[in-house]
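Listing of input-v5.txt; format and content: compact mmCIF, C-alpha atoms and all ligand atoms.
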```
# COMPACT_ATOMS: atom_id res chain seq x y z
CA MET X 184 17.68 -17.69 2.41
CA GLU X 185 15.03 -20.19 1.31
CA ASP X 186 15.90 -23.13 -0.87
CA LEU X 187 13.67 -22.85 -3.89
CA ARG X 188 14.30 -25.98 -5.89
CA ILE X 189 10.67 -27.06 -5.49
CA LEU X 190 9.28 -23.62 -5.99
CA GLN X 191 11.02 -23.16 -9.31
CA LYS X 192 9.16 -26.13 -10.75
CA THR X 193 5.79 -24.59 -10.01
CA ALA X 194 6.13 -20.87 -10.59
CA SER X 195 6.65 -19.10 -13.89
CA LEU X 196 9.93 -17.20 -14.08
CA HIS X 197 10.01 -13.55 -15.08
CA GLU X 198 13.40 -11.88 -15.03
CA ALA X 199 13.68 -9.29 -12.28
CA ARG X 200 14.88 -5.68 -12.45
CA TRP X 201 17.05 -3.94 -9.87
CA TRP X 202 19.74 -6.57 -9.46
CA GLU X 203 23.37 -7.14 -10.41
CA ALA X 204 25.42 -10.28 -10.88
CA GLU X 205 28.11 -11.15 -8.34
CA PRO X 206 30.90 -13.74 -8.29
CA ASN X 207 29.97 -17.41 -7.75
CA ASN X 208 26.58 -17.07 -9.44
CA LYS X 209 25.29 -14.80 -6.67
CA ALA X 210 22.80 -11.99 -7.31
CA HIS X 211 22.60 -8.70 -5.44
CA CYS X 212 19.02 -7.37 -5.26
CA TYR X 213 18.88 -3.63 -4.60
CA LEU X 214 15.13 -3.14 -4.85
CA CYS X 215 14.75 -2.61 -1.11
CA PRO X 216 17.15 -1.55 1.64
CA ARG X 217 17.75 -5.15 2.68
CA HIS X 218 20.16 -5.49 -0.24
CA CYS X 219 19.97 -9.29 -0.30
CA HIS X 220 22.97 -11.15 -1.74
CA ILE X 221 21.27 -14.28 -3.01
CA GLY X 222 23.01 -17.55 -3.79
CA ASP X 223 22.11 -19.75 -6.78
CA GLY X 224 18.89 -21.67 -6.03
CA GLN X 225 17.92 -19.40 -3.17
CA ALA X 226 15.48 -16.55 -2.55
CA GLY X 227 15.80 -13.18 -0.88
CA PHE X 228 14.23 -12.35 2.46
CA CYS X 229 10.91 -11.59 0.72
CA PHE X 230 10.66 -15.17 -0.65
CA ILE X 231 9.56 -14.15 -4.14
CA ARG X 232 12.79 -12.95 -5.74
CA VAL X 233 14.89 -15.97 -6.64
CA ASN X 234 18.31 -16.65 -8.09
CA GLU X 235 18.26 -19.36 -10.72
CA GLY X 236 21.59 -20.04 -12.39
CA GLY X 237 23.00 -16.62 -11.46
CA LYS X 238 19.99 -14.65 -12.73
CA LEU X 239 17.36 -13.00 -10.54
CA TYR X 240 13.68 -13.71 -11.20
CA SER X 241 10.44 -12.30 -9.80
CA LEU X 242 8.02 -15.07 -8.87
CA GLY X 243 5.30 -12.55 -8.06
CA TYR X 244 4.99 -11.47 -11.67
CA ALA X 245 1.43 -12.05 -12.95
CA SER X 246 0.73 -14.31 -9.95
CA PRO X 247 -1.68 -12.58 -7.58
CA ALA X 248 -2.53 -14.62 -4.50
CA ALA X 249 -5.37 -12.35 -3.36
CA ILE X 250 -7.84 -10.35 -5.43
CA GLN X 251 -10.80 -8.45 -4.05
CA ILE X 252 -12.92 -5.35 -4.64
CA ASP X 253 -12.65 -2.91 -1.72
CA PRO X 254 -13.86 0.60 -0.96
CA ILE X 255 -10.97 3.06 -1.47
CA GLU X 256 -11.47 4.12 2.17
CA LYS X 257 -10.23 0.68 3.26
CA LYS X 258 -6.69 1.29 1.90
CA PRO X 259 -7.06 3.77 3.75
CA LEU X 260 -7.32 6.78 1.42
CA ASN X 261 -9.79 9.48 2.46
CA HIS X 262 -8.78 12.19 -0.03
CA PHE X 263 -8.62 10.11 -3.21
CA LEU X 264 -11.82 9.49 -5.22
CA PRO X 265 -13.97 9.01 -2.08
CA GLY X 266 -16.77 6.49 -2.27
CA THR X 267 -15.28 4.58 -5.21
CA ARG X 268 -14.41 0.91 -5.58
CA VAL X 269 -10.81 -0.20 -5.96
CA PHE X 270 -9.64 -3.43 -7.59
CA SER X 271 -7.24 -4.74 -4.94
CA MET X 272 -4.56 -7.37 -5.36
CA GLY X 273 -1.51 -8.84 -3.65
CA THR X 274 0.98 -11.67 -4.12
CA ALA X 275 2.98 -13.81 -1.68
CA GLY X 276 5.94 -12.64 0.43
CA CYS X 277 7.12 -9.44 2.14
CA ASN X 278 10.35 -7.55 2.74
CA MET X 279 9.52 -6.73 6.36
CA GLY X 280 9.17 -9.21 9.20
CA CYS X 281 6.37 -7.61 11.24
CA PHE X 282 5.31 -9.74 14.21
CA PHE X 283 1.82 -8.19 14.03
CA CYS X 284 1.17 -8.74 10.31
CA GLN X 285 -2.56 -8.88 9.62
CA ASN X 286 -2.12 -10.56 6.23
CA TRP X 287 0.50 -13.06 7.37
CA ASP X 288 -1.11 -15.97 5.53
CA ILE X 289 0.14 -14.52 2.24
CA SER X 290 2.92 -12.17 3.33
CA LYS X 291 4.82 -14.92 5.14
CA SER X 292 4.29 -17.49 2.41
CA ARG X 293 6.34 -18.54 -0.56
CA SER X 294 4.73 -18.47 -3.98
CA ASP X 295 4.24 -22.24 -3.98
CA GLN X 296 2.44 -22.12 -0.63
CA VAL X 297 -0.40 -19.86 -1.74
CA HIS X 298 -3.08 -20.42 -4.32
CA SER X 299 -2.43 -17.96 -7.13
CA THR X 300 -4.00 -17.31 -10.53
CA HIS X 301 -2.14 -16.17 -13.63
CA VAL X 302 -3.39 -12.67 -14.54
CA SER X 303 -1.54 -10.58 -17.13
CA PRO X 304 -1.19 -6.80 -16.57
CA GLU X 305 -3.67 -6.12 -19.40
CA ASP X 306 -6.20 -8.50 -17.84
CA VAL X 307 -5.82 -6.78 -14.44
CA ALA X 308 -6.87 -3.51 -16.09
CA LEU X 309 -9.77 -5.18 -17.90
CA LEU X 310 -10.91 -6.90 -14.69
CA ALA X 311 -10.93 -3.53 -12.93
CA ILE X 312 -13.03 -2.02 -15.72
CA GLY X 313 -15.33 -5.03 -15.82
CA ASN X 314 -15.92 -4.66 -12.08
CA ASN X 315 -16.60 -0.93 -12.20
CA CYS X 316 -13.40 0.10 -10.40
CA PRO X 317 -11.72 3.37 -11.48
CA SER X 318 -8.55 2.36 -9.61
CA ILE X 319 -6.28 -0.62 -8.99
CA ALA X 320 -4.55 -1.03 -5.61
CA PHE X 321 -1.37 -3.01 -5.01
CA THR X 322 -1.99 -4.14 -1.47
CA TYR X 323 -2.34 -7.03 1.02
CA ASN X 324 1.39 -7.82 0.86
CA GLU X 325 4.24 -5.39 0.07
CA PRO X 326 3.97 -4.36 -3.61
CA THR X 327 7.55 -3.07 -3.80
CA ILE X 328 8.81 -6.66 -3.99
CA TRP X 329 6.74 -7.28 -7.14
CA GLY X 330 7.58 -3.91 -8.63
CA GLU X 331 8.04 -5.31 -12.16
CA TYR X 332 4.40 -6.45 -12.24
CA VAL X 333 3.26 -3.19 -10.61
CA ILE X 334 4.90 -1.11 -13.35
CA ASP X 335 3.43 -3.17 -16.19
CA ILE X 336 -0.04 -2.99 -14.60
CA CYS X 337 0.36 0.79 -14.26
CA HIS X 338 1.07 1.06 -17.99
CA ALA X 339 -2.03 -0.99 -18.83
CA ALA X 340 -4.09 1.00 -16.32
CA LYS X 341 -3.03 4.33 -17.79
CA LYS X 342 -3.86 3.14 -21.30
CA HIS X 343 -7.40 2.38 -20.10
CA GLY X 344 -7.88 5.53 -18.01
CA LEU X 345 -7.52 3.84 -14.61
CA ASN X 346 -5.67 5.04 -11.51
CA THR X 347 -3.18 3.02 -9.49
CA VAL X 348 -2.48 2.94 -5.76
CA MET X 349 0.45 1.59 -3.74
CA VAL X 350 -0.37 0.44 -0.20
CA THR X 351 3.14 0.15 1.09
CA ASN X 352 5.53 -0.06 4.01
CA GLY X 353 7.75 2.44 2.18
CA TYR X 354 10.78 0.14 2.29
CA ILE X 355 12.37 0.80 -1.10
CA THR X 356 15.72 2.06 -2.37
CA TYR X 357 16.16 5.29 -4.27
CA ASP X 358 17.45 3.17 -7.20
CA ALA X 359 13.96 1.73 -7.65
CA PHE X 360 11.85 4.53 -6.19
CA HIS X 361 11.20 6.62 -9.31
CA ASP X 362 10.83 3.58 -11.56
CA ILE X 363 7.75 2.64 -9.55
CA TYR X 364 6.37 5.86 -8.08
CA ASP X 365 6.55 7.84 -11.32
CA GLN X 366 3.88 5.46 -12.59
CA VAL X 367 1.38 5.46 -9.72
CA ASP X 368 -1.29 8.00 -8.79
CA ALA X 369 -1.66 7.49 -5.06
CA ALA X 370 -0.12 5.75 -2.07
CA ASN X 371 -0.77 4.97 1.53
CA VAL X 372 2.47 4.56 3.45
CA ASP X 373 2.56 2.67 6.73
CA LEU X 374 4.69 4.56 9.22
CA LYS X 375 4.62 1.74 11.73
CA ALA X 376 6.16 3.63 14.63
CA PHE X 377 8.50 6.51 15.23
CA THR X 378 11.35 4.70 16.97
CA GLU X 379 14.24 2.72 15.53
CA ASN X 380 13.79 0.35 18.47
CA PHE X 381 10.28 -0.65 17.26
CA TYR X 382 11.36 -1.00 13.64
CA GLY X 383 14.39 -3.10 14.57
CA ARG X 384 12.68 -5.41 17.07
CA ILE X 385 9.13 -5.73 15.72
CA THR X 386 9.50 -5.34 11.94
CA LEU X 387 13.14 -6.48 11.46
CA THR X 388 13.87 -3.34 9.42
CA HIS X 389 14.85 0.30 10.01
CA LEU X 390 12.92 3.55 10.38
CA GLN X 391 15.08 5.95 8.37
CA PRO X 392 14.48 4.43 4.89
CA VAL X 393 10.72 4.80 5.41
CA LEU X 394 11.13 8.46 6.36
CA ASP X 395 13.30 8.93 3.25
CA THR X 396 10.56 7.46 1.06
CA LEU X 397 8.00 9.85 2.53
CA LYS X 398 10.25 12.81 1.77
CA TRP X 399 10.89 11.62 -1.79
CA LEU X 400 7.13 11.25 -2.29
CA LYS X 401 6.58 14.79 -1.07
CA ASN X 402 9.47 16.48 -2.85
CA GLU X 403 10.00 14.49 -6.01
CA THR X 404 6.62 13.14 -7.21
CA ASN X 405 3.01 14.13 -7.89
CA VAL X 406 1.70 11.07 -6.09
CA TRP X 407 -1.21 11.77 -3.74
CA PHE X 408 -0.25 10.07 -0.47
CA GLU X 409 -1.56 9.53 3.03
CA VAL X 410 0.15 8.04 6.08
CA THR X 411 -1.06 5.29 8.43
CA ASN X 412 0.17 4.55 11.93
CA LEU X 413 -1.13 1.32 13.50
CA ILE X 414 -1.10 1.77 17.26
CA ILE X 415 -0.14 -1.31 19.29
CA PRO X 416 -0.63 -1.13 23.06
CA THR X 417 2.67 -0.84 25.00
CA LEU X 418 4.80 -0.91 21.82
CA ASN X 419 4.18 2.44 20.10
CA ASP X 420 1.41 4.14 22.08
CA GLU X 421 3.28 6.76 24.13
CA ALA X 422 2.08 10.37 23.86
CA GLU X 423 5.65 11.47 23.28
CA GLU X 424 5.95 9.21 20.24
CA PHE X 425 2.67 10.54 18.75
CA ARG X 426 4.01 14.07 19.25
CA ARG X 427 7.36 13.38 17.60
CA LEU X 428 5.71 11.55 14.69
CA SER X 429 3.22 14.39 14.13
CA ASP X 430 5.91 17.07 14.40
CA TRP X 431 8.05 15.22 11.86
CA ILE X 432 5.13 14.98 9.39
CA LEU X 433 4.33 18.67 9.83
CA GLU X 434 7.92 19.74 9.31
CA ASN X 435 8.78 17.39 6.44
CA LEU X 436 5.51 16.72 4.62
CA GLY X 437 3.36 19.69 5.59
CA PRO X 438 0.02 20.00 7.42
CA ASP X 439 -2.16 18.68 4.59
CA VAL X 440 -0.92 15.09 4.37
CA PRO X 441 -3.72 13.01 5.92
CA LEU X 442 -2.67 10.87 8.88
CA HIS X 443 -4.63 7.76 9.91
CA PHE X 444 -4.25 6.31 13.40
CA THR X 445 -5.61 2.77 13.26
CA ALA X 446 -6.44 0.18 15.90
CA PHE X 447 -4.50 -3.06 16.30
CA HIS X 448 -6.11 -6.44 16.84
CA PRO X 449 -4.09 -9.47 18.02
CA ASP X 450 -2.65 -11.40 15.07
CA PHE X 451 0.26 -13.61 13.94
CA LYS X 452 3.06 -13.48 16.57
CA LEU X 453 1.55 -10.67 18.62
CA GLN X 454 -1.32 -12.51 20.30
CA ASP X 455 -0.35 -11.28 23.75
CA LYS X 456 -1.23 -7.62 23.15
CA PRO X 457 -4.79 -6.36 23.62
CA ARG X 458 -6.82 -4.48 21.02
CA THR X 459 -6.08 -0.76 20.93
CA PRO X 460 -8.56 1.08 23.19
CA PRO X 461 -10.50 3.81 21.33
CA GLU X 462 -9.24 6.33 23.94
CA THR X 463 -5.67 5.77 22.72
CA LEU X 464 -6.68 6.67 19.16
CA HIS X 465 -8.54 9.74 20.41
CA ARG X 466 -5.43 10.81 22.36
CA ALA X 467 -3.12 10.31 19.37
CA ARG X 468 -5.47 12.27 17.12
CA ALA X 469 -5.76 15.13 19.61
CA ILE X 470 -1.96 15.38 19.79
CA ALA X 471 -1.57 15.36 16.00
CA LEU X 472 -4.23 18.07 15.57
CA GLU X 473 -2.59 20.10 18.33
CA SER X 474 0.72 19.77 16.46
CA GLY X 475 -0.89 21.47 13.47
CA LEU X 476 -1.87 18.62 11.14
CA HIS X 477 -5.13 19.39 9.32
CA TYR X 478 -6.53 15.94 8.50
CA VAL X 479 -6.18 13.29 11.18
CA TYR X 480 -8.36 10.19 11.12
CA GLU X 481 -9.07 7.17 13.27
CA GLY X 482 -9.54 3.74 11.70
CA ASN X 483 -10.53 0.14 12.52
CA ILE X 484 -13.05 1.44 15.10
CA HIS X 485 -16.50 2.98 14.77
CA THR X 486 -15.79 6.68 15.18
CA ASP X 487 -16.83 10.15 14.04
CA ALA X 488 -13.13 10.74 13.37
CA ALA X 489 -13.41 8.76 10.12
CA SER X 490 -15.13 11.83 8.62
CA THR X 491 -13.47 14.82 6.94
CA SER X 492 -14.07 18.34 8.28
CA CYS X 493 -12.87 21.69 7.00
CA PRO X 494 -9.80 22.71 9.03
CA SER X 495 -10.79 26.37 8.68
CA CYS X 496 -14.55 26.68 9.39
CA LYS X 497 -14.95 23.12 10.85
CA MET X 498 -17.88 22.25 8.60
CA LEU X 499 -18.41 18.50 8.17
CA LEU X 500 -17.45 17.80 4.54
CA ILE X 501 -17.46 14.02 4.07
CA ARG X 502 -19.38 11.85 6.52
CA ARG X 503 -18.16 8.28 6.74
CA GLY X 504 -19.48 5.25 8.58
CA TRP X 505 -16.72 2.61 8.81
CA HIS X 506 -15.58 2.51 5.13
CA ASP X 507 -18.80 3.92 3.63
CA VAL X 508 -19.17 7.48 2.40
CA GLN X 509 -22.60 8.54 3.63
CA GLN X 510 -22.48 12.17 2.54
CA ASN X 511 -20.05 14.25 0.46
CA ARG X 512 -20.60 18.02 0.52
CA LEU X 513 -17.40 19.06 -1.28
CA LYS X 514 -17.95 21.43 -4.22
CA ASP X 515 -15.20 20.96 -6.82
CA GLY X 516 -12.79 20.06 -4.04
CA HIS X 517 -13.69 23.11 -1.93
CA CYS X 518 -15.50 23.60 1.34
CA PRO X 519 -19.03 24.81 0.38
CA ASN X 520 -19.11 27.08 3.44
CA CYS X 521 -15.79 28.98 3.46
CA ASN X 522 -14.48 27.91 0.00
CA LEU X 523 -11.20 26.54 1.38
CA LYS X 524 -9.52 24.25 -1.16
CA ILE X 525 -9.32 20.78 0.39
CA PRO X 526 -6.22 18.90 -0.79
CA GLY X 527 -6.79 15.60 -2.56
CA ARG X 528 -7.95 14.06 -5.85
CA TRP X 529 -11.70 14.44 -5.82
CA SER X 530 -12.66 13.48 -9.35
CA ASN X 531 -11.26 11.06 -11.89
CA PRO X 532 -9.18 13.07 -14.38
CA ARG X 533 -9.33 10.31 -16.94
CA GLY X 534 -12.13 9.89 -19.45
CA ALA X 535 -14.92 7.34 -19.72
CA THR X 536 -14.14 3.84 -21.01
CA PRO X 537 -15.09 3.28 -24.67
CA ALA X 538 -18.05 0.91 -25.12
CA LYS X 539 -15.96 -1.65 -27.03
CA ILE X 540 -13.41 -1.97 -24.19
CA LEU X 541 -16.18 -2.08 -21.63
CA GLN X 542 -17.79 -4.98 -23.42
CA LYS X 543 -14.46 -6.83 -23.69
CA ALA X 544 -13.81 -6.22 -19.98
CA GLU X 545 -17.19 -7.59 -18.98
CA THR X 546 -16.74 -10.67 -21.15
CA ILE X 547 -13.26 -11.41 -19.73
CA SER X 548 -14.44 -10.85 -16.18
CA THR X 549 -17.17 -13.43 -16.46
CA GLU X 550 -15.77 -15.93 -18.96
CA ARG X 551 -12.06 -16.05 -18.08
CA TYR X 552 -12.11 -15.03 -14.44
CA GLY X 553 -15.63 -15.91 -13.29
CA HIS X 554 -14.07 -18.42 -10.85
CA LEU X 555 -12.64 -15.49 -8.84
CA ASN X 556 -16.21 -14.61 -7.73
CA LEU X 557 -15.45 -10.90 -7.53
S1 LIG L 1 13.16 -6.97 -2.53
FE1 LIG L 1 13.36 -8.97 -1.54
S2 LIG L 1 15.20 -9.90 -2.44
FE2 LIG L 1 15.26 -7.71 -2.93
S3 LIG L 1 16.50 -6.80 -1.30
FE3 LIG L 1 14.35 -6.63 -0.65
S4 LIG L 1 13.94 -8.48 0.57
FE4 LIG L 1 15.86 -8.83 -0.56
```

Output the structure of this file as structure tokens.
Ligand code: SF4
Amino acid sequence: MEDLRILQKTASLHEARWWEAEPNNKAHCYLCPRHCHIGDGQAGFCFIRVNEGGKLYSLGYASPAAIQIDPIEKKPLNHFLPGTRVFSMGTAGCNMGCFFCQNWDISKSRSDQVHSTHVSPEDVALLAIGNNCPSIAFTYNEPTIWGEYVIDICHAAKKHGLNTVMVTNGYITYDAFHDIYDQVDAANVDLKAFTENFYGRITLTHLQPVLDTLKWLKNETNVWFEVTNLIIPTLNDEAEEFRRLSDWILENLGPDVPLHFTAFHPDFKLQDKPRTPPETLHRARAIALESGLHYVYEGNIHTDAASTSCPSCKMLLIRRGWHDVQQNRLKDGHCPNCNLKIPGRWSNPRGATPAKILQKAETISTERYGHLNL
């Protein structure tokens, strides 16, 4: 547990949800399966949930440490409003301890170690509108740990006709699951490997809670979700593991949940592993398709397997180059050749933004947040 005496002086305190008081001024956080029991003046494993005087606070609330406009394909989501921009944001901290973290500069930092800007939930929505983004993504670090802020942003987003996206490691308890996921429209869940050994040694967590989250998403929500598996040479790149992972997805989530195999590059504490060879991604994809999954993609390399094809007649439907959509032939979400319905959210169900809000959003984006250089 981190001592947060200094941190408390600098960060604004917003009372947390999903905690209970314990004897001796301790707080039990049950937002994620770590179930931290946090002493007075200390923080949980994720750094940004702190106990001050026996009460739990969320330091991530309204304090994004990273804000950027990305293509939705970068999340990655290939079946959710393709070719659109997504207002992307993250805070400090994380509830996993991945040795290969590619955003470690913020995910392994405390709130007082990163440069953050105060942005209210309403202003997040207006910034998204002002920057022509139909969606907001909670990304870069693990959004579960700042779930209070996520929920309030979702309410503001809905009010303004925007969509919301969780880019998550799926490490959340059932106590908090519906509070958050009943509010969001889409998610990409990192299934980092398919062995408990990998999860325990390389992420300092467990596999089963992530599998549970995927099943809850499938069976208990309307969230559109896709799955990502980052392949790291020698750690999770065995054919047998690809087969078991694909079979599990087919059996528990069905053939239409898109699966992204993505390439690793050396980062953080895993500098001794090489980049993932493209052949490994091709092999993983071939195994997943052979298992019966319909939409299997490769990412972080230049590849034809970033494009979407019809699983029935094989027609190329959406051609992508890296994260760009170069051609989209879908007709109302159907294959124009054989008329197969392609699962996904292909058009924004929410209406156009009223001119008055649009004007306000543009003014705020330039006058209040021009320094963000979005
Ligand atoms: S969200 Fe943070 S404080 Fe809460 S249990 Fe998880 S790691 Fe611990």

TODO: Compute the set of protein, DNA and RNA residues whose minimum atom distance to ligand LIG 1 (chain L) is at most 7 Å, using only C-alpha atoms and all ligand atoms, and state it as a ChimeraX atom specification.
DONE: /X:212-219,226-232,278,327-328

Sorted by chain and rising residue number, which residues of segment 264-283 of chain X lie within 10 Å of segment 347-364 of chain X, and what are their closest atom pairs and distances in Å to one decimal, counting only C-alpha atoms, as a Markdown table?
```
| residue | atom | partner | partner_atom | distance |
| --- | --- | --- | --- | --- |
| X:Val269 | CA | X:Val348 | CA | 8.9 |
| X:Phe270 | CA | X:Thr347 | CA | 9.3 |
| X:Ser271 | CA | X:Val348 | CA | 9.1 |
| X:Gly273 | CA | X:Val350 | CA | 10.0 |
| X:Cys277 | CA | X:Asn352 | CA | 9.7 |
| X:Asn278 | CA | X:Tyr354 | CA | 7.7 |
| X:Met279 | CA | X:Tyr354 | CA | 8.1 |
```

Pick out the residues sitting within 12 Å of segment 428-434 of chain X, and hand them over as a PDB file with C-alpha atoms, in the coordinates of the input; count only C-alpha atoms, and ignore anything fewer than 6 positions along from it in its own chain.
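Saved the output as around_23.pdb:
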```
ATOM      1  CA  LEU X 374       4.690   4.560   9.220  1.00  0.00           C
ATOM      2  CA  LYS X 375       4.620   1.740  11.730  1.00  0.00           C
ATOM      3  CA  ALA X 376       6.160   3.630  14.630  1.00  0.00           C
ATOM      4  CA  PHE X 377       8.500   6.510  15.230  1.00  0.00           C
ATOM      5  CA  THR X 378      11.350   4.700  16.970  1.00  0.00           C
ATOM      6  CA  LEU X 390      12.920   3.550  10.380  1.00  0.00           C
ATOM      7  CA  LEU X 394      11.130   8.460   6.360  1.00  0.00           C
ATOM      8  CA  ASP X 395      13.300   8.930   3.250  1.00  0.00           C
ATOM      9  CA  LEU X 397       8.000   9.850   2.530  1.00  0.00           C
ATOM     10  CA  LYS X 398      10.250  12.810   1.770  1.00  0.00           C
ATOM     11  CA  LYS X 401       6.580  14.790  -1.070  1.00  0.00           C
ATOM     12  CA  GLU X 409      -1.560   9.530   3.030  1.00  0.00           C
ATOM     13  CA  VAL X 410       0.150   8.040   6.080  1.00  0.00           C
ATOM     14  CA  THR X 411      -1.060   5.290   8.430  1.00  0.00           C
ATOM     15  CA  ASN X 412       0.170   4.550  11.930  1.00  0.00           C
ATOM     16  CA  ASN X 419       4.180   2.440  20.100  1.00  0.00           C
ATOM     17  CA  ASP X 420       1.410   4.140  22.080  1.00  0.00           C
ATOM     18  CA  GLU X 421       3.280   6.760  24.130  1.00  0.00           C
ATOM     19  CA  ALA X 422       2.080  10.370  23.860  1.00  0.00           C
ATOM     20  CA  VAL X 440      -0.920  15.090   4.370  1.00  0.00           C
ATOM     21  CA  PRO X 441      -3.720  13.010   5.920  1.00  0.00           C
ATOM     22  CA  LEU X 442      -2.670  10.870   8.880  1.00  0.00           C
ATOM     23  CA  HIS X 443      -4.630   7.760   9.910  1.00  0.00           C
ATOM     24  CA  PHE X 444      -4.250   6.310  13.400  1.00  0.00           C
ATOM     25  CA  ALA X 467      -3.120  10.310  19.370  1.00  0.00           C
ATOM     26  CA  ARG X 468      -5.470  12.270  17.120  1.00  0.00           C
ATOM     27  CA  ALA X 469      -5.760  15.130  19.610  1.00  0.00           C
ATOM     28  CA  ILE X 470      -1.960  15.380  19.790  1.00  0.00           C
ATOM     29  CA  ALA X 471      -1.570  15.360  16.000  1.00  0.00           C
ATOM     30  CA  LEU X 472      -4.230  18.070  15.570  1.00  0.00           C
ATOM     31  CA  GLU X 473      -2.590  20.100  18.330  1.00  0.00           C
ATOM     32  CA  SER X 474       0.720  19.770  16.460  1.00  0.00           C
ATOM     33  CA  GLY X 475      -0.890  21.470  13.470  1.00  0.00           C
ATOM     34  CA  LEU X 476      -1.870  18.620  11.140  1.00  0.00           C
ATOM     35  CA  HIS X 477      -5.130  19.390   9.320  1.00  0.00           C
ATOM     36  CA  TYR X 478      -6.530  15.940   8.500  1.00  0.00           C
ATOM     37  CA  VAL X 479      -6.180  13.290  11.180  1.00  0.00           C
TER      38      VAL X 479
END
```

Handout entry: Non-local contacts of Arg528 of chain X (7 Å; all atoms listed in the file; under 4 positions in same chain excluded) as a count of residues only
Key = 3

At a cut-off of 10 Å, using all atoms listed in the file, what residues contact Ile250 of chain X? Leave out same-chain residues fewer than 4 positions from it and give the result as a PyMOL selection string.
chain X and resi 270-274+299-300+307+320-323+555-557

Once 8 Å is added on each side, what are the centre and the three edge lengths, in Å to one decimal, of the axis-aligned box enclosing the listed atoms of segment 197-214 of chain X? Present them as lines of an AutoDock Vina configuration file.
```
center_x = 20.5
center_y = -10.3
center_z = -9.8
size_x = 36.9
size_y = 30.3
size_z = 26.5
```

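The space separating atom CA of Glu305 of chain X from atom CA of Asn286 of chain X comes to 26.1 Å.
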
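Our summary of the geometry notes that atom CA of Asp306 of chain X is positioned 9.4 Å from atom CA of Tyr552 of chain X.
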
Tell me which protein, DNA and RNA residues are within 8 Å of Leu464 of chain X, counting all atoms listed in the file, leaving out same-chain ones fewer than 3 positions away, and put them as a list in words.
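Contacts, in chain order: Ile414, Phe444, Thr445, Ala446, Thr459, Pro460, Pro461, Ala467, Arg468 and Glu481 of chain X.
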
(request) May I have the residues within 12 Å of Ala339 of chain X as JSON, numbers by chain, using all atoms listed in the file and disregarding those fewer than 5 positions away in the same chain? (result) {"X": [303, 304, 305, 306, 307, 308, 309, 310, 311, 312, 318, 319, 332, 333, 334, 344, 345, 346, 347, 366, 367]}

Counting all atoms listed in the file, closest pick from X:Val233, X:Val393, X:Val302, X:Ile484 relative to Ile547 of chain X is X:Val302

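Between atom CA of Tyr480 of chain X and atom CA of Leu413 of chain X lies a distance of 11.7 Å.
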
- request: May I ask which of the residues X:Arg512, X:Arg268, X:Arg426, X:His485 is the closest one to Ile525 of chain X, counting all atoms listed in the file?
  value: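 The answer is X:Arg512, which sits nearest to Ile525 of chain X.
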
Considering all atoms listed in the file, state which residue in the set X:Phe381, X:His298, X:Leu436, X:Ala204 is at the smallest distance from Glu424 of chain X.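 Smallest distance to Glu424 of chain X is found for X:Phe381.
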
* **Within-7 Å shell of (10.1, -9.4, 12.0) in input frame, all atoms listed in the file, as a PyMOL selection string** => chain X and resi 279-282+384-387

Go through X:Lys456, X:Ser495, X:Ser241, X:Cys521 and flag the residue nearest Pro326 of chain X, using all atoms listed in the file for the distances.
->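 The answer is X:Ser241, which sits nearest to Pro326 of chain X.
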
query = So, counting only C-alpha atoms, which residue among X:His554, X:His343, X:Lys497, X:His301 is closest to Asn522 of chain X?
reply =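 Checking each of X:His554, X:His343, X:Lys497, X:His301 against Asn522 of chain X, counting only C-alpha atoms, the winner is X:Lys497.
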
Have segment 308-316 of chain X completed to N, CA and C atoms, please, and pass it along as a short mmCIF file (atom, residue, chain, number, x, y, z; two decimals), in the frame of the given file.
```
data_model
loop_
_atom_site.label_atom_id
_atom_site.label_comp_id
_atom_site.auth_asym_id
_atom_site.auth_seq_id
_atom_site.Cartn_x
_atom_site.Cartn_y
_atom_site.Cartn_z
N ALA X 308 -6.17 -4.75 -15.74
CA ALA X 308 -6.87 -3.51 -16.09
C ALA X 308 -8.29 -3.82 -16.57
N LEU X 309 -8.43 -4.84 -17.40
CA LEU X 309 -9.77 -5.18 -17.90
C LEU X 309 -10.68 -5.68 -16.78
N LEU X 310 -10.11 -6.44 -15.84
CA LEU X 310 -10.91 -6.90 -14.69
C LEU X 310 -11.39 -5.71 -13.85
N ALA X 311 -10.52 -4.72 -13.70
CA ALA X 311 -10.93 -3.53 -12.93
C ALA X 311 -12.08 -2.82 -13.64
N ILE X 312 -11.95 -2.67 -14.95
CA ILE X 312 -13.03 -2.02 -15.72
C ILE X 312 -14.31 -2.84 -15.63
N GLY X 313 -14.16 -4.15 -15.83
CA GLY X 313 -15.33 -5.03 -15.82
C GLY X 313 -16.03 -5.07 -14.48
N ASN X 314 -15.33 -4.67 -13.42
CA ASN X 314 -15.92 -4.66 -12.08
C ASN X 314 -16.17 -3.25 -11.57
N ASN X 315 -16.22 -2.31 -12.52
CA ASN X 315 -16.60 -0.93 -12.20
C ASN X 315 -15.69 -0.27 -11.17
N CYS X 316 -14.37 -0.49 -11.32
CA CYS X 316 -13.40 0.10 -10.40
C CYS X 316 -12.55 1.13 -11.17
#
```
